[in-house]
$ cat target_33.cif   # mmCIF, C-alpha atoms
data_input
#
loop_
_atom_site.label_atom_id
_atom_site.label_comp_id
_atom_site.auth_asym_id
_atom_site.auth_seq_id
_atom_site.Cartn_x
_atom_site.Cartn_y
_atom_site.Cartn_z
CA MET A 7 70.27 171.86 83.73
CA ALA A 8 68.36 168.61 83.13
CA PRO A 9 67.30 167.48 79.66
CA GLY A 10 63.77 168.46 78.58
CA VAL A 11 60.87 166.20 79.59
CA GLU A 12 59.93 165.40 75.99
CA LEU A 13 63.51 164.53 75.07
CA GLU A 14 63.92 162.37 78.19
CA GLY A 15 60.74 160.53 77.26
CA ARG A 16 61.99 159.81 73.73
CA ILE A 17 65.31 158.47 75.01
CA ARG A 18 63.61 156.32 77.69
CA GLU A 19 61.17 154.88 75.16
CA TRP A 20 64.00 154.04 72.76
CA VAL A 21 65.83 152.10 75.49
CA ARG A 22 62.61 150.41 76.64
CA THR A 23 61.69 149.19 73.14
CA GLU A 24 65.13 148.52 71.62
CA GLY A 25 67.05 147.28 74.69
CA VAL A 26 67.20 143.52 75.27
CA VAL A 27 67.31 142.07 78.79
CA VAL A 28 69.81 139.19 78.93
CA GLY A 29 69.92 138.76 82.69
CA PRO A 30 68.98 140.52 85.92
CA GLU A 31 72.11 142.72 85.59
CA PHE A 32 72.69 142.85 81.83
CA LEU A 33 70.89 145.01 79.28
CA ARG A 34 71.95 144.68 75.66
CA VAL A 35 71.94 147.96 73.76
CA ASP A 36 74.35 146.86 71.06
CA GLY A 37 71.69 147.25 68.38
CA PHE A 38 71.77 151.05 68.62
CA LEU A 39 74.46 152.33 71.03
CA ASN A 40 77.64 150.32 71.44
CA HIS A 41 78.09 147.80 68.63
CA ARG A 42 75.78 148.82 65.81
CA ILE A 43 75.33 152.57 66.18
CA ASP A 44 72.14 154.47 65.43
CA PRO A 45 73.23 158.07 64.76
CA ALA A 46 69.75 159.38 65.58
CA PHE A 47 69.88 157.90 69.09
CA VAL A 48 73.46 159.05 69.68
CA GLU A 49 72.50 162.56 68.56
CA LEU A 50 69.58 162.63 71.01
CA ALA A 51 71.51 161.21 73.96
CA GLY A 52 74.74 163.08 73.30
CA GLY A 53 72.83 166.33 72.94
CA ALA A 54 70.96 165.76 76.21
CA ILE A 55 74.16 165.09 78.18
CA ALA A 56 75.90 168.08 76.57
CA ASP A 57 72.94 170.32 77.45
CA ALA A 58 73.08 169.15 81.06
CA PHE A 59 76.73 170.27 81.34
CA ALA A 60 76.75 173.22 78.93
CA ALA A 61 77.32 175.75 81.73
CA ARG A 62 80.15 173.82 83.41
CA GLY A 63 83.01 174.96 81.15
CA VAL A 64 83.98 171.45 80.03
CA SER A 65 87.30 171.36 78.18
CA SER A 66 87.69 167.55 77.90
CA VAL A 67 85.21 164.66 77.73
CA LEU A 68 86.80 161.49 79.13
CA THR A 69 85.56 157.93 78.68
CA ALA A 70 86.87 154.35 78.62
CA GLU A 71 87.49 152.32 75.47
CA ALA A 72 85.36 151.29 73.66
CA ALA A 73 81.66 151.37 74.53
CA GLY A 74 81.75 155.00 75.65
CA ASN A 75 83.66 156.32 72.64
CA VAL A 76 80.70 157.17 70.42
CA ILE A 77 78.65 158.95 73.07
CA ALA A 78 81.72 160.80 74.39
CA TYR A 79 82.51 161.98 70.86
CA GLU A 80 78.98 163.34 70.39
CA VAL A 81 78.98 165.08 73.79
CA ALA A 82 82.37 166.65 73.01
CA ARG A 83 81.20 167.71 69.55
CA ARG A 84 78.14 169.39 71.04
CA LEU A 85 80.23 171.15 73.68
CA GLY A 86 82.83 172.28 71.13
CA THR A 87 85.69 170.44 72.81
CA ARG A 88 87.67 167.19 72.50
CA ALA A 89 86.90 163.64 73.53
CA LEU A 90 89.59 161.49 75.15
CA TYR A 91 89.32 157.79 75.84
CA ALA A 92 91.33 155.67 78.23
CA LYS A 93 92.83 152.81 76.26
CA LYS A 94 92.47 149.24 77.43
CA GLY A 95 96.08 148.32 78.02
CA ARG A 96 99.15 150.49 77.88
CA ALA A 97 100.23 151.34 74.34
CA ALA A 98 103.96 151.18 73.66
CA THR A 99 103.77 154.73 72.29
CA MET A 100 102.51 156.16 75.61
CA SER A 101 105.19 157.68 77.81
CA ASP A 102 104.39 157.99 81.52
CA PRO A 103 100.67 157.18 81.23
CA LEU A 104 98.12 157.49 84.02
CA THR A 105 96.79 153.98 84.73
CA ARG A 106 94.18 152.16 86.77
CA ARG A 107 93.06 148.53 86.93
CA VAL A 108 89.31 147.95 86.98
CA PRO A 109 87.07 144.87 86.88
CA SER A 110 85.17 144.22 83.64
CA PRO A 111 81.54 143.28 84.40
CA THR A 112 80.82 142.15 80.83
CA LYS A 113 84.05 140.34 80.01
CA GLY A 114 85.14 139.14 83.46
CA GLY A 115 88.59 139.64 84.98
CA GLU A 116 90.37 142.97 85.18
CA VAL A 117 91.45 145.46 82.56
CA GLU A 118 94.10 148.16 82.73
CA LEU A 119 93.02 151.62 81.58
CA ALA A 120 95.68 154.05 80.40
CA VAL A 121 95.55 157.74 79.46
CA SER A 122 98.47 159.77 78.18
CA ARG A 123 99.49 162.63 80.47
CA GLU A 124 100.09 164.56 77.25
CA TYR A 125 96.32 164.75 76.69
CA LEU A 126 95.03 164.92 80.27
CA THR A 127 96.76 167.94 81.75
CA PRO A 128 96.50 170.28 84.74
CA GLY A 129 93.80 172.89 84.35
CA GLU A 130 91.53 170.73 82.15
CA ARG A 131 87.85 170.74 83.16
CA VAL A 132 86.91 167.09 82.72
CA LEU A 133 83.50 165.53 82.20
CA VAL A 134 83.47 161.73 82.51
CA VAL A 135 80.94 160.16 80.11
CA ASP A 136 79.93 156.54 79.46
CA ASP A 137 77.10 154.47 78.04
CA PHE A 138 76.27 152.79 81.39
CA LEU A 139 76.52 153.56 85.08
CA TYR A 140 76.35 150.31 87.04
CA ARG A 141 78.78 149.89 89.90
CA GLY A 142 80.70 153.04 88.97
CA LEU A 143 84.17 151.50 89.24
CA THR A 144 85.35 152.46 85.75
CA SER A 145 84.03 156.01 86.02
CA ALA A 146 85.59 156.41 89.47
CA ALA A 147 88.94 155.23 88.05
CA LEU A 148 88.68 157.79 85.22
CA ALA A 149 87.87 160.53 87.72
CA GLU A 150 90.86 159.55 89.86
CA MET A 151 93.14 159.70 86.81
CA ALA A 152 91.83 163.16 85.94
CA LEU A 153 92.48 164.39 89.49
CA GLU A 154 95.92 162.77 89.55
CA ALA A 155 96.72 164.70 86.35
CA GLY A 156 95.83 167.96 88.13
CA ALA A 157 92.62 168.41 86.15
CA GLU A 158 89.32 169.52 87.65
CA LEU A 159 86.43 167.05 87.57
CA VAL A 160 83.16 168.81 86.67
CA GLY A 161 80.73 165.89 86.47
CA PHE A 162 79.64 162.48 85.23
CA GLY A 163 77.18 161.86 82.38
CA PHE A 164 75.61 158.52 81.43
CA VAL A 165 73.06 157.34 78.92
CA ILE A 166 71.72 154.51 81.13
CA GLU A 167 71.98 154.05 84.89
CA LYS A 168 71.25 150.65 86.42
CA CYS A 169 70.10 151.95 89.81
CA PHE A 170 70.45 148.57 91.54
CA GLY A 171 74.24 148.63 90.98
CA GLU A 172 74.65 151.60 93.37
CA GLY A 173 77.22 153.29 91.12
CA ARG A 174 75.76 156.71 91.89
CA LYS A 175 76.54 156.18 95.57
CA LEU A 176 80.19 155.42 94.75
CA LEU A 177 80.52 158.49 92.50
CA SER A 178 78.87 160.82 95.02
CA ARG A 179 82.18 160.99 96.93
CA PHE A 180 83.58 163.19 94.15
CA GLY A 181 81.06 165.94 94.97
CA VAL A 182 80.12 166.73 91.36
CA PRO A 183 76.85 166.31 89.41
CA VAL A 184 75.95 162.81 88.21
CA VAL A 185 73.48 162.89 85.30
CA SER A 186 71.86 159.83 83.74
CA LEU A 187 69.25 160.00 80.97
CA VAL A 188 67.57 156.64 81.65
CA ALA A 189 67.36 155.26 85.20
CA VAL A 190 66.60 151.51 85.13
CA GLU A 191 65.08 150.32 88.41
CA ARG A 192 65.10 146.63 87.51
CA MET A 193 64.93 144.22 84.60
CA ASP A 194 62.97 140.98 84.26
CA PRO A 195 64.82 138.34 82.20
CA GLY A 196 61.67 136.19 82.07
CA THR A 197 59.44 138.78 80.42
CA GLY A 198 62.13 141.07 78.99
CA GLU A 199 60.52 144.01 80.80
CA ILE A 200 62.70 147.03 81.59
CA ILE A 201 61.34 149.03 84.51
CA ILE A 202 62.43 152.64 84.12
CA ARG A 203 62.13 155.39 86.72
CA GLU A 204 59.96 158.14 85.25
#

$ encode --input "target_33.cif" --output "structure tokens"
Amino acid sequence: MAPGVELEGRIREWVRTEGVVVGPEFLRVDGFLNHRIDPAFVELAGGAIADAFAARGVSSVLTAEAAGNVIAYEVARRLGTRALYAKKGRAATMSDPLTRRVPSPTKGGEVELAVSREYLTPGERVLVVDDFLYRGLTSAALAEMALEAGAELVGFGFVIEKCFGEGRKLLSRFGVPVVSLVAVERMDPGTGEIIIRE
């Protein structure tokens, strides 16, 4: 089930007015979503993603540290389940973690993601959630870890999709729903305009 039209409009308008274009590929949302957090926005967006997957029997909401943590928490809270985030780097306390190396578009280089097998177990019904869908590499890595653990992947949920990154195409191979609340067609660094698919 898709979020309501009025709710979608409110979320899109928030991103359009509060987001800051810093390049043709980069949209800063750290004023309300992933550095300084606006609880009202997170409640709207988290509720919309949770509503979209309410009938899918989600038992675990999985994200990557750290930008996705807040939205994953809210989605999990709304669905009455737990949020789990893949740590950047392997903690010494993790025994036999599931790991993947992924490129970091914002920081450059690669980062290792690690999830404890203790918390991602066979039979879990996993929803992968993040703030952005761009190239889809991090979300695909999370999905692969869930499948390696013997869990069932039920979908992907994102606040903002940068359509020009073709992440949706990469994630389509998993054969599960991909939901994004705001689909950005392009961004103009000169004018700061964010062109959003209605």

$ residues_around --input "target_33.cif" --residues "stretch 57-71 of chain A" --least-positions-apart "6" --cutoff "10 Å" --atoms "all atoms listed in the file" --output "PyMOL selection string"
chain A and resi 7-10+51+77-95+119-121+125-127+129-137+144-145+147-149+152+157-163+183-187

$ residues_around --input "target_33.cif" --residues "A:Arg34" --least-positions-apart "6" --cutoff "9 Å" --atoms "only C-alpha atoms" --output "list in words"
Glu24, Gly25, Val26, Val27 and Val28 of chain A

$ write_last_selection --input "target_33.cif" --atoms "C-alpha atoms" --output "PDB file, in the coordinates of the input"
ATOM      1  CA  GLU A  24      65.130 148.520  71.620  1.00  0.00           C
ATOM      2  CA  GLY A  25      67.050 147.280  74.690  1.00  0.00           C
ATOM      3  CA  VAL A  26      67.200 143.520  75.270  1.00  0.00           C
ATOM      4  CA  VAL A  27      67.310 142.070  78.790  1.00  0.00           C
ATOM      5  CA  VAL A  28      69.810 139.190  78.930  1.00  0.00           C
TER       6      VAL A  28
END

$ closest_residue --input "target_33.cif" --among "A:Val117, A:Val108, A:Ile201, A:Val165" --to "A:Arg96" --atoms "only C-alpha atoms"
A:Val117

$ atom_distance --input "target_33.cif" --atom1 "atom CA of A:Arg107" --atom2 "atom CA of A:Met193"
28.6 Å

$ resolve_selection --input "target_33.cif" --expression "the PyMOL selection byres ((chain A and resi 174) around 12)" --output "ChimeraX atom specification"
/A:138-143,145-146,161-164,166-173,175-186,189

$ write_last_selection --input "target_33.cif" --atoms "C-alpha atoms" --output "compact mmCIF listing (two decimals), keeping the file's coordinate frame"
# COMPACT_ATOMS: atom_id res chain seq x y z
CA PHE A 138 76.27 152.79 81.39
CA LEU A 139 76.52 153.56 85.08
CA TYR A 140 76.35 150.31 87.04
CA ARG A 141 78.78 149.89 89.90
CA GLY A 142 80.70 153.04 88.97
CA LEU A 143 84.17 151.50 89.24
CA SER A 145 84.03 156.01 86.02
CA ALA A 146 85.59 156.41 89.47
CA GLY A 161 80.73 165.89 86.47
CA PHE A 162 79.64 162.48 85.23
CA GLY A 163 77.18 161.86 82.38
CA PHE A 164 75.61 158.52 81.43
CA ILE A 166 71.72 154.51 81.13
CA GLU A 167 71.98 154.05 84.89
CA LYS A 168 71.25 150.65 86.42
CA CYS A 169 70.10 151.95 89.81
CA PHE A 170 70.45 148.57 91.54
CA GLY A 171 74.24 148.63 90.98
CA GLU A 172 74.65 151.60 93.37
CA GLY A 173 77.22 153.29 91.12
CA LYS A 175 76.54 156.18 95.57
CA LEU A 176 80.19 155.42 94.75
CA LEU A 177 80.52 158.49 92.50
CA SER A 178 78.87 160.82 95.02
CA ARG A 179 82.18 160.99 96.93
CA PHE A 180 83.58 163.19 94.15
CA GLY A 181 81.06 165.94 94.97
CA VAL A 182 80.12 166.73 91.36
CA PRO A 183 76.85 166.31 89.41
CA VAL A 184 75.95 162.81 88.21
CA VAL A 185 73.48 162.89 85.30
CA SER A 186 71.86 159.83 83.74
CA ALA A 189 67.36 155.26 85.20

$ atom_distance --input "target_33.cif" --atom1 "atom CA of A:Thr105" --atom2 "atom CA of A:Asp36"
27.2 Å

$ atom_distance --input "target_33.cif" --atom1 "atom CA of A:Gly156" --atom2 "atom CA of A:Pro128"
4.2 Å

$ closest_residue --input "target_33.cif" --among "A:Leu39, A:Ala155, A:Ala54, A:Ile202" --to "A:Val190" --atoms "only C-alpha atoms"
A:Ile202

$ closest_residue --input "target_33.cif" --among "A:Ala97, A:Leu50, A:Ile43, A:Ile200" --to "A:Thr23" --atoms "all atoms listed in the file"
A:Ile200

$ build_atoms --input "target_33.cif" --residues "stretch 71-93 of chain A" --atoms "N, CA and C atoms" --output "tab-separated table (two decimals), in the coordinates of the input"
chain	number	residue	atom	x	y	z
A	71	GLU	N	87.62	153.10	76.70
A	71	GLU	CA	87.49	152.32	75.47
A	71	GLU	C	86.63	151.09	75.76
A	72	ALA	N	85.72	150.68	74.93
A	72	ALA	CA	85.36	151.29	73.66
A	72	ALA	C	83.89	151.69	73.66
A	73	ALA	N	83.10	151.14	74.59
A	73	ALA	CA	81.66	151.37	74.53
A	73	ALA	C	81.29	152.85	74.69
A	74	GLY	N	82.08	153.60	75.44
A	74	GLY	CA	81.75	155.00	75.65
A	74	GLY	C	82.23	155.94	74.56
A	75	ASN	N	83.04	155.44	73.62
A	75	ASN	CA	83.66	156.32	72.64
A	75	ASN	C	82.67	157.15	71.83
A	76	VAL	N	81.63	156.49	71.32
A	76	VAL	CA	80.70	157.17	70.42
A	76	VAL	C	79.93	158.26	71.16
A	77	ILE	N	79.43	157.95	72.33
A	77	ILE	CA	78.65	158.95	73.07
A	77	ILE	C	79.55	160.08	73.55
A	78	ALA	N	80.78	159.76	73.96
A	78	ALA	CA	81.72	160.80	74.39
A	78	ALA	C	82.05	161.73	73.23
A	79	TYR	N	82.23	161.17	72.05
A	79	TYR	CA	82.51	161.98	70.86
A	79	TYR	C	81.37	162.96	70.61
A	80	GLU	N	80.13	162.47	70.68
A	80	GLU	CA	78.98	163.34	70.39
A	80	GLU	C	78.83	164.43	71.45
A	81	VAL	N	79.05	164.07	72.72
A	81	VAL	CA	78.98	165.08	73.79
A	81	VAL	C	80.05	166.14	73.56
A	82	ALA	N	81.27	165.70	73.25
A	82	ALA	CA	82.37	166.65	73.01
A	82	ALA	C	82.07	167.53	71.81
A	83	ARG	N	81.54	166.94	70.75
A	83	ARG	CA	81.20	167.71	69.55
A	83	ARG	C	80.19	168.80	69.88
A	84	ARG	N	79.18	168.43	70.66
A	84	ARG	CA	78.14	169.39	71.04
A	84	ARG	C	78.68	170.50	71.93
A	85	LEU	N	79.66	170.16	72.77
A	85	LEU	CA	80.23	171.15	73.68
A	85	LEU	C	81.38	171.94	73.05
A	86	GLY	N	81.76	171.57	71.82
A	86	GLY	CA	82.83	172.28	71.13
A	86	GLY	C	84.20	172.02	71.72
A	87	THR	N	84.40	170.80	72.21
A	87	THR	CA	85.69	170.44	72.81
A	87	THR	C	86.16	169.10	72.29
A	88	ARG	N	87.12	168.48	72.95
A	88	ARG	CA	87.67	167.19	72.50
A	88	ARG	C	87.21	166.05	73.40
A	89	ALA	N	87.15	164.87	72.78
A	89	ALA	CA	86.90	163.64	73.53
A	89	ALA	C	88.22	162.90	73.70
A	90	LEU	N	88.38	162.26	74.84
A	90	LEU	CA	89.59	161.49	75.15
A	90	LEU	C	89.14	160.17	75.74
A	91	TYR	N	89.68	159.06	75.23
A	91	TYR	CA	89.32	157.79	75.84
A	91	TYR	C	90.53	157.09	76.42
A	92	ALA	N	90.30	156.48	77.59
A	92	ALA	CA	91.33	155.67	78.23
A	92	ALA	C	91.42	154.36	77.46
A	93	LYS	N	92.62	154.05	77.02
A	93	LYS	CA	92.83	152.81	76.26
A	93	LYS	C	92.84	151.62	77.20
